[in-house]
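Asks: structure-v3.txt is reproduced below (compact mmCIF, C-alpha atoms).
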# COMPACT_ATOMS: atom_id res chain seq x y z
CA ASN T 73 0.00 0.00 0.00
CA ALA T 74 1.59 3.26 -1.11
CA GLY T 75 -0.84 5.51 0.80
CA VAL T 76 0.40 9.13 0.76
CA THR T 77 3.71 9.63 -1.02
CA GLN T 78 5.76 12.79 -0.67
CA THR T 79 8.79 13.75 -2.71
CA PRO T 80 11.50 14.77 -2.22
CA LYS T 81 12.30 13.63 1.33
CA PHE T 82 14.99 16.28 1.79
CA GLN T 83 15.73 19.53 -0.01
CA VAL T 84 18.08 22.46 0.49
CA LEU T 85 17.29 25.72 -1.29
CA LYS T 86 18.80 29.15 -1.46
CA THR T 87 16.72 32.18 -0.58
CA GLY T 88 14.67 33.27 -3.58
CA GLN T 89 14.63 29.92 -5.32
CA SER T 90 11.39 28.22 -6.20
CA MET T 91 10.39 24.61 -5.91
CA THR T 92 7.43 22.25 -5.81
CA LEU T 93 6.81 19.69 -3.10
CA GLN T 94 4.96 16.73 -4.52
CA CYS T 95 2.16 14.81 -2.81
CA ALA T 96 0.28 11.86 -4.28
CA GLN T 97 -2.26 9.48 -2.78
CA ASP T 98 -3.65 6.25 -4.21
CA MET T 99 -6.67 5.88 -1.91
CA ASN T 100 -9.13 7.91 -4.02
CA HIS T 101 -9.39 10.46 -1.22
CA GLU T 102 -11.22 13.70 -1.98
CA TYR T 103 -9.74 15.75 0.86
CA MET T 104 -6.04 16.64 0.86
CA SER T 105 -4.08 19.12 2.89
CA TRP T 106 -0.61 20.49 3.58
CA TYR T 107 0.83 21.15 7.04
CA ARG T 108 4.14 22.44 8.24
CA GLN T 109 5.68 21.31 11.52
CA ASP T 110 8.08 23.51 13.42
CA PRO T 111 9.60 22.89 16.88
CA GLY T 112 7.21 24.02 19.61
CA MET T 113 4.54 25.05 17.09
CA GLY T 114 2.79 21.78 16.36
CA LEU T 115 1.21 21.20 12.96
CA ARG T 116 -0.10 24.25 11.12
CA LEU T 117 -2.42 24.00 8.13
CA ILE T 118 -1.13 25.72 4.99
CA HIS T 119 -3.67 24.88 2.26
CA TYR T 120 -6.32 22.27 1.71
CA SER T 121 -8.51 20.88 -1.05
CA VAL T 122 -11.92 19.21 -0.85
CA GLY T 123 -11.71 17.85 -4.39
CA ALA T 124 -10.17 18.29 -7.83
CA GLY T 125 -10.28 21.91 -8.89
CA ILE T 126 -11.08 23.21 -5.39
CA THR T 127 -8.48 24.64 -3.02
CA ASP T 128 -8.57 27.00 -0.07
CA GLN T 129 -6.24 28.63 2.44
CA GLY T 130 -5.44 27.34 5.89
CA GLU T 131 -3.79 29.10 8.81
CA VAL T 132 -0.45 29.99 7.23
CA PRO T 133 -0.88 30.26 3.42
CA ASN T 134 1.45 33.18 2.68
CA GLY T 135 4.35 32.25 0.43
CA TYR T 136 2.74 29.04 -0.79
CA ASN T 137 0.55 28.13 -3.75
CA VAL T 138 -1.38 24.94 -4.47
CA SER T 139 -3.44 23.44 -7.26
CA ARG T 140 -5.51 20.27 -7.55
CA SER T 141 -5.91 19.18 -11.15
CA THR T 142 -6.45 15.50 -10.29
CA THR T 143 -7.84 13.61 -7.31
CA GLU T 144 -4.48 11.93 -6.74
CA ASP T 145 -2.06 14.86 -6.70
CA PHE T 146 -1.78 17.99 -4.57
CA PRO T 147 1.53 19.81 -5.12
CA LEU T 148 2.72 22.66 -2.91
CA ARG T 149 4.71 25.44 -4.56
CA LEU T 150 7.14 27.83 -2.96
CA LEU T 151 7.48 30.72 -5.40
CA SER T 152 10.38 32.54 -3.70
CA ALA T 153 11.81 30.60 -0.78
CA ALA T 154 12.58 32.42 2.47
CA PRO T 155 14.51 31.17 5.54
CA SER T 156 11.25 31.32 7.54
CA GLN T 157 9.96 28.50 5.35
CA THR T 158 12.56 26.11 6.70
CA SER T 159 10.38 23.36 8.14
CA VAL T 160 9.11 19.83 7.80
CA TYR T 161 6.14 19.65 5.44
CA PHE T 162 3.47 16.97 5.66
CA CYS T 163 0.75 16.13 3.22
CA ALA T 164 -2.40 14.40 4.46
CA SER T 165 -5.49 12.93 2.84
CA SER T 166 -8.89 11.51 3.81
CA TYR T 167 -12.15 10.50 2.16
CA SER T 168 -13.74 13.73 3.35
CA PRO T 169 -12.96 16.59 5.76
CA THR T 170 -15.57 15.41 8.25
CA GLY T 171 -14.50 14.39 11.70
CA ASP T 172 -15.43 10.74 11.28
CA GLN T 173 -12.81 10.21 8.58
CA PRO T 174 -9.18 9.72 9.63
CA GLN T 175 -6.50 11.70 7.85
CA HIS T 176 -3.45 9.79 6.64
CA PHE T 177 -0.07 11.46 6.43
CA GLY T 178 2.97 11.09 4.24
CA ASP T 179 6.46 10.84 5.69
CA GLY T 180 7.23 14.48 5.06
CA THR T 181 9.66 16.68 3.17
CA ARG T 182 12.44 18.27 5.21
CA LEU T 183 13.17 21.64 3.67
CA SER T 184 16.06 23.95 4.54
CA ILE T 185 16.30 27.46 3.11
CA LEU T 186 19.73 29.04 3.30
CA ASP V 108 -12.69 21.20 19.09
CA ALA V 109 -12.46 20.15 22.72
CA LYS V 110 -9.11 20.38 24.47
CA THR V 111 -7.30 17.23 25.60
CA THR V 112 -4.91 16.66 28.47
CA GLN V 113 -2.25 13.98 28.49
CA PRO V 114 0.60 13.26 30.89
CA PRO V 115 3.94 14.23 29.35
CA SER V 116 5.54 10.81 29.40
CA MET V 117 5.34 7.20 30.45
CA ASP V 118 7.24 4.02 29.91
CA CYS V 119 6.50 0.35 29.80
CA ALA V 120 8.36 -2.92 29.39
CA GLU V 121 8.56 -4.60 26.03
CA GLY V 122 5.86 -7.23 25.64
CA ARG V 123 3.59 -5.66 28.24
CA ALA V 124 0.45 -3.65 27.58
CA ALA V 125 0.84 0.11 27.34
CA ASN V 126 -2.16 2.06 28.61
CA LEU V 127 -2.09 5.69 27.53
CA PRO V 128 -4.63 7.98 29.21
CA CYS V 129 -6.32 11.09 27.84
CA ASN V 130 -8.67 13.53 29.48
CA HIS V 131 -11.23 15.37 27.37
CA SER V 132 -13.71 16.59 29.95
CA THR V 133 -15.25 19.26 27.69
CA ILE V 134 -15.97 16.91 24.80
CA SER V 135 -19.26 17.42 22.99
CA GLY V 136 -21.64 14.72 21.86
CA ASN V 137 -20.66 15.08 18.20
CA GLU V 138 -16.88 14.96 18.74
CA TYR V 139 -14.76 11.94 17.91
CA VAL V 140 -11.71 10.86 19.91
CA TYR V 141 -8.67 10.19 17.73
CA TRP V 142 -5.24 8.82 18.46
CA TYR V 143 -2.20 9.43 16.30
CA ARG V 144 1.45 8.78 16.94
CA GLN V 145 4.63 10.22 15.54
CA ILE V 146 7.78 8.20 15.51
CA HIS V 147 10.91 10.29 15.25
CA SER V 148 11.45 11.73 11.76
CA GLN V 149 8.26 10.19 10.38
CA GLY V 150 4.83 11.57 9.57
CA PRO V 151 1.95 11.32 12.06
CA GLN V 152 0.40 7.87 11.90
CA TYR V 153 -3.30 7.30 12.43
CA ILE V 154 -3.99 4.65 15.07
CA ILE V 155 -7.68 4.54 15.93
CA HIS V 156 -10.75 6.67 16.58
CA GLY V 157 -14.14 6.36 18.22
CA LEU V 158 -17.27 8.25 19.17
CA LYS V 159 -18.96 6.43 22.03
CA ASN V 160 -18.18 2.74 21.85
CA ASN V 161 -14.90 1.03 22.51
CA GLU V 162 -12.98 0.27 19.34
CA THR V 163 -10.30 -2.25 18.41
CA ASN V 164 -8.16 -2.66 15.31
CA GLU V 165 -4.94 -4.42 14.44
CA MET V 166 -2.85 -1.78 16.15
CA ALA V 167 -4.65 -0.91 19.36
CA SER V 168 -7.81 -0.69 21.42
CA LEU V 169 -9.60 2.49 22.42
CA ILE V 170 -11.58 2.53 25.63
CA ILE V 171 -13.92 5.52 26.10
CA THR V 172 -15.57 6.05 29.47
CA GLU V 173 -19.34 6.09 29.59
CA ASP V 174 -19.45 9.85 30.23
CA ARG V 175 -16.91 10.29 27.37
CA LYS V 176 -14.77 12.61 29.48
CA SER V 177 -11.70 10.41 29.20
CA SER V 178 -10.27 7.59 27.15
CA THR V 179 -7.40 5.12 27.15
CA LEU V 180 -5.38 3.86 24.23
CA ILE V 181 -4.15 0.32 24.79
CA LEU V 182 -1.22 -1.18 22.90
CA PRO V 183 -1.62 -4.83 23.94
CA HIS V 184 1.98 -6.00 23.47
CA ALA V 185 4.31 -3.02 23.24
CA THR V 186 7.49 -3.37 21.21
CA LEU V 187 10.54 -1.13 20.95
CA ARG V 188 9.13 0.17 17.66
CA ASP V 189 6.15 1.60 19.56
CA THR V 190 8.40 4.21 21.18
CA ALA V 191 6.88 7.48 19.91
CA VAL V 192 4.87 10.55 20.82
CA TYR V 193 1.17 9.70 21.03
CA TYR V 194 -1.45 12.37 20.45
CA CYS V 195 -5.04 12.30 21.64
CA ILE V 196 -7.27 14.61 19.56
CA VAL V 197 -10.99 15.34 19.50
CA ARG V 198 -12.67 16.35 16.26
CA VAL V 199 -16.14 17.62 15.48
CA SER V 200 -17.99 15.20 13.24
CA ARG V 201 -19.23 17.78 10.73
CA ASN V 202 -16.27 19.89 9.72
CA THR V 203 -15.86 22.33 6.91
CA GLY V 204 -12.59 22.24 5.04
CA ALA V 205 -10.61 24.62 7.24
CA ASN V 206 -12.07 23.33 10.48
CA SER V 207 -10.99 19.82 9.58
CA LYS V 208 -7.39 20.64 10.45
CA LEU V 209 -5.89 18.39 13.07
CA THR V 210 -4.68 20.17 16.18
CA PHE V 211 -1.88 18.24 17.85
CA GLY V 212 -1.04 19.13 21.43
CA LYS V 213 2.18 18.11 23.14
CA GLY V 214 1.15 14.47 23.32
CA ILE V 215 2.58 11.78 25.56
CA THR V 216 6.01 10.34 24.95
CA LEU V 217 5.92 6.58 25.34
CA SER V 218 9.25 4.87 25.91
CA VAL V 219 9.26 1.10 25.59
CA ARG V 220 12.20 -0.44 27.44
CA PRO V 221 13.74 -3.83 26.64
Step by step, read the file and then write its structure as structure tokens.

Replies:
Amino acid sequence: NAGVTQTPKFQVLKTGQSMTLQCAQDMNHEYMSWYRQDPGMGLRLIHYSVGAGITDQGEVPNGYNVSRSTTEDFPLRLLSAAPSQTSVYFCASSYSPTGDQPQHFGDGTRLSIL
Amino acid sequence: DAKTTQPPSMDCAEGRAANLPCNHSTISGNEYVYWYRQIHSQGPQYIIHGLKNNETNEMASLIITEDRKSSTLILPHATLRDTAVYYCIVRVSRNTGANSKLTFGKGITLSVRP
């Protein structure tokens, strides 16, 4: 079972560079989301999507863009990386956003911005 | 979502049952109790969830008190690989997209000793 797959696992960028964090799920889940995890801050929601073609902002969306052209994929784009975006990024998915459906996480992308 | 309270840490011997407590005294009738864990350097892993009844799956059992103000996660035969931070979370059953974010507290660090 692949579940939620995130690539790359590690990345180092220079300030101002752009990149895309990939997230794919093979469970036919409609709901997908991106979180960042920083020491002492817990998980913070960046963007989410309730289905293909539909995205919305979470708690900390600034500096990030998303799109959802297929059910399976939900990439996260950093247009101009900043040191404050150094973090561990997790993608999650579930059948729906309702509270009775568990969200399943990928193993994360560890991103360092120099 | 209701707040949860967990002790900061506990340990247990390998092969014995690990009983992890959680207090959620302000839980509402439409809120689910969820347990996740995070092993170092990995993404949060869904374990189990329940509303009112006790639940069991291949990983663990969830015991919810009759008044629903507390619960216990039981790992029946703990192994060294179960060493992790365990999070107890409550979630409203009917969430919109943004409200479906998972809020992880500090969790309880379980150390399984040989």

Asks: In Å, rounded to a single decimal, give me how far atom CA of Pro151 of chain V is from atom CA of Thr210 of chain V.

Replies: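 Taking atom CA of Thr210 of chain V and atom CA of Pro151 of chain V, their separation equals 11.8 Å.
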
Asks: Write out as a PyMOL selection string the residues lying within 10 Å of Ser148 of chain V, counting all atoms listed in the file and excluding same-chain residues fewer than 4 positions away.

Replies: chain T and resi 160+179-180+182

Asks: Quick one, how far is atom CA of Gln83 of chain T from atom CA of Ala153 of chain T?

Replies: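 Separation of atom CA of Gln83 of chain T and atom CA of Ala153 of chain T: 11.8 Å.
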
Asks: Counting only C-alpha atoms, collect the residues of chain V whose closest atom lies at most 10 Å from chain T, and write them out as a ChimeraX atom specification.

Replies: /V:137-143,148-158,197-213

Asks: Please indicate the distance in Å from atom CA of Leu187 of chain V to atom CA of Thr111 of chain V, rounded to one decimal place.

Replies: 26.0 Å

Asks: Would you please work out which residue, of T:Thr142, T:Asn137, T:Ser159, T:Ser152, is nearest to Gly88 of chain T when using only C-alpha atoms?

Replies: T:Ser152

Asks: Write out as a list in words each polymer residue whose atoms come within 9 Å of Thr172 of chain V, counting all atoms listed in the file; drop sequence neighbours fewer than 5 positions from it.

Replies: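 Close residues of Thr172 of chain V: Lys159, Asn160, Asn161, Ser177, Ser178 and Thr179 of chain V.
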
Asks: Just checking: using all atoms listed in the file, which residue out of T:Gly75, T:Leu85, T:Gly123, T:Leu148 ends up closest to Glu102 of chain T?

Replies: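 Among the listed residues, the smallest separation from Glu102 of chain T belongs to T:Gly123.
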
Asks: To box segment 98-113 of chain T, take all atoms listed in the file, fit an axis-aligned box, add 4 Å on each side, and give centre and edge lengths in Å to one decimal, as AutoDock Vina command-line options.

Replies:
--center_x -0.8 --center_y 15.5 --center_z 7.7 --size_x 28.8 --size_y 27.2 --size_z 31.8

Asks: Got a sec to check which residues sit within 9 Å of (-6.8, 0.4, 23.9), counting all atoms listed in the file, and write them as a ChimeraX atom specification?

Replies: /V:125-127,161-163,166-170,178-183

Asks: I'd like to know which of T:Ser184, T:Thr77, T:Thr92, T:Gln97 is closest to Gln157 of chain T, using all atoms listed in the file.

Replies: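 Once distances to Gln157 of chain T are computed over all atoms listed in the file, the minimum belongs to T:Ser184.
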
Asks: Between T:Ser165, T:Val132, T:Leu150, T:Ser156, which one has atoms that come closest to Gln89 of chain T, using only C-alpha atoms?

Replies: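 Residue with the minimum atom-to-atom distance to Gln89 of chain T: T:Leu150.
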
Asks: Excluding Thr87 of chain T and any residue of its chain fewer than 4 positions from it, enumerate the residues within 7 Å of it, using all atoms listed in the file, and give them as a VMD selection string.

Replies: chain T and resid 153 to 155 185 to 186

Asks: Set the distance at 6 Å and use all atoms listed in the file: which residues neighbour His101 of chain T once local chain neighbours fewer than 2 positions away are removed? I'd like the list as an mmCIF file with C-alpha atoms, in the frame of the given file.

Replies:
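Written file, out.cif:
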data_model
loop_
_atom_site.group_PDB
_atom_site.id
_atom_site.type_symbol
_atom_site.label_atom_id
_atom_site.label_comp_id
_atom_site.auth_asym_id
_atom_site.auth_seq_id
_atom_site.Cartn_x
_atom_site.Cartn_y
_atom_site.Cartn_z
ATOM 1 C CA MET T 99 -6.670 5.880 -1.910
ATOM 2 C CA TYR T 103 -9.740 15.750 0.860
ATOM 3 C CA SER T 166 -8.890 11.510 3.810
ATOM 4 C CA TYR T 167 -12.150 10.500 2.160
#

Asks: Take chain T from the preceding structure and save C-alpha atoms as a PDB file, in the first residue's frame.

Replies:
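That gives us part_37.pdb:
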ATOM      1  CA  ASN T  73       0.000   0.000   0.000  1.00  0.00           C
ATOM      2  CA  ALA T  74       1.593   3.265  -1.113  1.00  0.00           C
ATOM      3  CA  GLY T  75      -0.838   5.512   0.804  1.00  0.00           C
ATOM      4  CA  VAL T  76       0.404   9.129   0.764  1.00  0.00           C
ATOM      5  CA  THR T  77       3.714   9.625  -1.021  1.00  0.00           C
ATOM      6  CA  GLN T  78       5.758  12.790  -0.670  1.00  0.00           C
ATOM      7  CA  THR T  79       8.788  13.755  -2.713  1.00  0.00           C
ATOM      8  CA  PRO T  80      11.500  14.774  -2.220  1.00  0.00           C
ATOM      9  CA  LYS T  81      12.300  13.633   1.328  1.00  0.00           C
ATOM     10  CA  PHE T  82      14.989  16.285   1.786  1.00  0.00           C
ATOM     11  CA  GLN T  83      15.728  19.534  -0.013  1.00  0.00           C
ATOM     12  CA  VAL T  84      18.077  22.459   0.493  1.00  0.00           C
ATOM     13  CA  LEU T  85      17.292  25.723  -1.285  1.00  0.00           C
ATOM     14  CA  LYS T  86      18.798  29.153  -1.461  1.00  0.00           C
ATOM     15  CA  THR T  87      16.724  32.183  -0.585  1.00  0.00           C
ATOM     16  CA  GLY T  88      14.672  33.273  -3.577  1.00  0.00           C
ATOM     17  CA  GLN T  89      14.632  29.923  -5.324  1.00  0.00           C
ATOM     18  CA  SER T  90      11.386  28.221  -6.203  1.00  0.00           C
ATOM     19  CA  MET T  91      10.391  24.611  -5.915  1.00  0.00           C
ATOM     20  CA  THR T  92       7.427  22.253  -5.814  1.00  0.00           C
ATOM     21  CA  LEU T  93       6.812  19.689  -3.095  1.00  0.00           C
ATOM     22  CA  GLN T  94       4.960  16.730  -4.518  1.00  0.00           C
ATOM     23  CA  CYS T  95       2.159  14.807  -2.807  1.00  0.00           C
ATOM     24  CA  ALA T  96       0.284  11.864  -4.278  1.00  0.00           C
ATOM     25  CA  GLN T  97      -2.257   9.476  -2.782  1.00  0.00           C
ATOM     26  CA  ASP T  98      -3.649   6.252  -4.212  1.00  0.00           C
ATOM     27  CA  MET T  99      -6.672   5.879  -1.906  1.00  0.00           C
ATOM     28  CA  ASN T 100      -9.134   7.912  -4.018  1.00  0.00           C
ATOM     29  CA  HIS T 101      -9.391  10.463  -1.216  1.00  0.00           C
ATOM     30  CA  GLU T 102     -11.222  13.696  -1.979  1.00  0.00           C
ATOM     31  CA  TYR T 103      -9.737  15.748   0.857  1.00  0.00           C
ATOM     32  CA  MET T 104      -6.044  16.636   0.856  1.00  0.00           C
ATOM     33  CA  SER T 105      -4.079  19.123   2.891  1.00  0.00           C
ATOM     34  CA  TRP T 106      -0.612  20.486   3.580  1.00  0.00           C
ATOM     35  CA  TYR T 107       0.826  21.147   7.035  1.00  0.00           C
ATOM     36  CA  ARG T 108       4.138  22.445   8.243  1.00  0.00           C
ATOM     37  CA  GLN T 109       5.679  21.308  11.525  1.00  0.00           C
ATOM     38  CA  ASP T 110       8.085  23.505  13.425  1.00  0.00           C
ATOM     39  CA  PRO T 111       9.598  22.886  16.880  1.00  0.00           C
ATOM     40  CA  GLY T 112       7.212  24.024  19.611  1.00  0.00           C
ATOM     41  CA  MET T 113       4.535  25.049  17.087  1.00  0.00           C
ATOM     42  CA  GLY T 114       2.787  21.782  16.358  1.00  0.00           C
ATOM     43  CA  LEU T 115       1.213  21.200  12.965  1.00  0.00           C
ATOM     44  CA  ARG T 116      -0.101  24.252  11.120  1.00  0.00           C
ATOM     45  CA  LEU T 117      -2.416  24.001   8.126  1.00  0.00           C
ATOM     46  CA  ILE T 118      -1.126  25.717   4.991  1.00  0.00           C
ATOM     47  CA  HIS T 119      -3.668  24.885   2.257  1.00  0.00           C
ATOM     48  CA  TYR T 120      -6.319  22.272   1.710  1.00  0.00           C
ATOM     49  CA  SER T 121      -8.505  20.880  -1.051  1.00  0.00           C
ATOM     50  CA  VAL T 122     -11.920  19.209  -0.846  1.00  0.00           C
ATOM     51  CA  GLY T 123     -11.707  17.848  -4.395  1.00  0.00           C
ATOM     52  CA  ALA T 124     -10.168  18.287  -7.828  1.00  0.00           C
ATOM     53  CA  GLY T 125     -10.280  21.914  -8.893  1.00  0.00           C
ATOM     54  CA  ILE T 126     -11.084  23.209  -5.388  1.00  0.00           C
ATOM     55  CA  THR T 127      -8.484  24.636  -3.021  1.00  0.00           C
ATOM     56  CA  ASP T 128      -8.567  27.002  -0.074  1.00  0.00           C
ATOM     57  CA  GLN T 129      -6.242  28.629   2.438  1.00  0.00           C
ATOM     58  CA  GLY T 130      -5.439  27.336   5.885  1.00  0.00           C
ATOM     59  CA  GLU T 131      -3.794  29.102   8.808  1.00  0.00           C
ATOM     60  CA  VAL T 132      -0.448  29.991   7.234  1.00  0.00           C
ATOM     61  CA  PRO T 133      -0.883  30.264   3.422  1.00  0.00           C
ATOM     62  CA  ASN T 134       1.449  33.179   2.682  1.00  0.00           C
ATOM     63  CA  GLY T 135       4.350  32.246   0.428  1.00  0.00           C
ATOM     64  CA  TYR T 136       2.735  29.039  -0.786  1.00  0.00           C
ATOM     65  CA  ASN T 137       0.548  28.127  -3.745  1.00  0.00           C
ATOM     66  CA  VAL T 138      -1.379  24.940  -4.465  1.00  0.00           C
ATOM     67  CA  SER T 139      -3.440  23.443  -7.258  1.00  0.00           C
ATOM     68  CA  ARG T 140      -5.509  20.270  -7.547  1.00  0.00           C
ATOM     69  CA  SER T 141      -5.906  19.182 -11.150  1.00  0.00           C
ATOM     70  CA  THR T 142      -6.446  15.498 -10.288  1.00  0.00           C
ATOM     71  CA  THR T 143      -7.835  13.613  -7.310  1.00  0.00           C
ATOM     72  CA  GLU T 144      -4.484  11.927  -6.743  1.00  0.00           C
ATOM     73  CA  ASP T 145      -2.058  14.862  -6.702  1.00  0.00           C
ATOM     74  CA  PHE T 146      -1.785  17.993  -4.566  1.00  0.00           C
ATOM     75  CA  PRO T 147       1.530  19.815  -5.125  1.00  0.00           C
ATOM     76  CA  LEU T 148       2.722  22.661  -2.907  1.00  0.00           C
ATOM     77  CA  ARG T 149       4.712  25.440  -4.562  1.00  0.00           C
ATOM     78  CA  LEU T 150       7.144  27.827  -2.962  1.00  0.00           C
ATOM     79  CA  LEU T 151       7.480  30.720  -5.396  1.00  0.00           C
ATOM     80  CA  SER T 152      10.384  32.536  -3.700  1.00  0.00           C
ATOM     81  CA  ALA T 153      11.810  30.598  -0.784  1.00  0.00           C
ATOM     82  CA  ALA T 154      12.581  32.418   2.471  1.00  0.00           C
ATOM     83  CA  PRO T 155      14.514  31.170   5.535  1.00  0.00           C
ATOM     84  CA  SER T 156      11.250  31.322   7.540  1.00  0.00           C
ATOM     85  CA  GLN T 157       9.962  28.502   5.352  1.00  0.00           C
ATOM     86  CA  THR T 158      12.565  26.112   6.703  1.00  0.00           C
ATOM     87  CA  SER T 159      10.382  23.364   8.137  1.00  0.00           C
ATOM     88  CA  VAL T 160       9.110  19.831   7.796  1.00  0.00           C
ATOM     89  CA  TYR T 161       6.136  19.653   5.435  1.00  0.00           C
ATOM     90  CA  PHE T 162       3.474  16.971   5.662  1.00  0.00           C
ATOM     91  CA  CYS T 163       0.745  16.134   3.220  1.00  0.00           C
ATOM     92  CA  ALA T 164      -2.403  14.402   4.461  1.00  0.00           C
ATOM     93  CA  SER T 165      -5.490  12.932   2.841  1.00  0.00           C
ATOM     94  CA  SER T 166      -8.888  11.511   3.812  1.00  0.00           C
ATOM     95  CA  TYR T 167     -12.149  10.497   2.156  1.00  0.00           C
ATOM     96  CA  SER T 168     -13.741  13.735   3.350  1.00  0.00           C
ATOM     97  CA  PRO T 169     -12.964  16.586   5.762  1.00  0.00           C
ATOM     98  CA  THR T 170     -15.571  15.411   8.254  1.00  0.00           C
ATOM     99  CA  GLY T 171     -14.501  14.392  11.696  1.00  0.00           C
ATOM    100  CA  ASP T 172     -15.431  10.743  11.282  1.00  0.00           C
ATOM    101  CA  GLN T 173     -12.806  10.214   8.575  1.00  0.00           C
ATOM    102  CA  PRO T 174      -9.176   9.721   9.633  1.00  0.00           C
ATOM    103  CA  GLN T 175      -6.502  11.697   7.846  1.00  0.00           C
ATOM    104  CA  HIS T 176      -3.454   9.787   6.644  1.00  0.00           C
ATOM    105  CA  PHE T 177      -0.072  11.456   6.425  1.00  0.00           C
ATOM    106  CA  GLY T 178       2.967  11.092   4.238  1.00  0.00           C
ATOM    107  CA  ASP T 179       6.461  10.838   5.685  1.00  0.00           C
ATOM    108  CA  GLY T 180       7.234  14.476   5.059  1.00  0.00           C
ATOM    109  CA  THR T 181       9.661  16.683   3.170  1.00  0.00           C
ATOM    110  CA  ARG T 182      12.441  18.268   5.214  1.00  0.00           C
ATOM    111  CA  LEU T 183      13.174  21.637   3.669  1.00  0.00           C
ATOM    112  CA  SER T 184      16.056  23.953   4.540  1.00  0.00           C
ATOM    113  CA  ILE T 185      16.302  27.459   3.113  1.00  0.00           C
ATOM    114  CA  LEU T 186      19.734  29.044   3.299  1.00  0.00           C
TER     115      LEU T 186
END
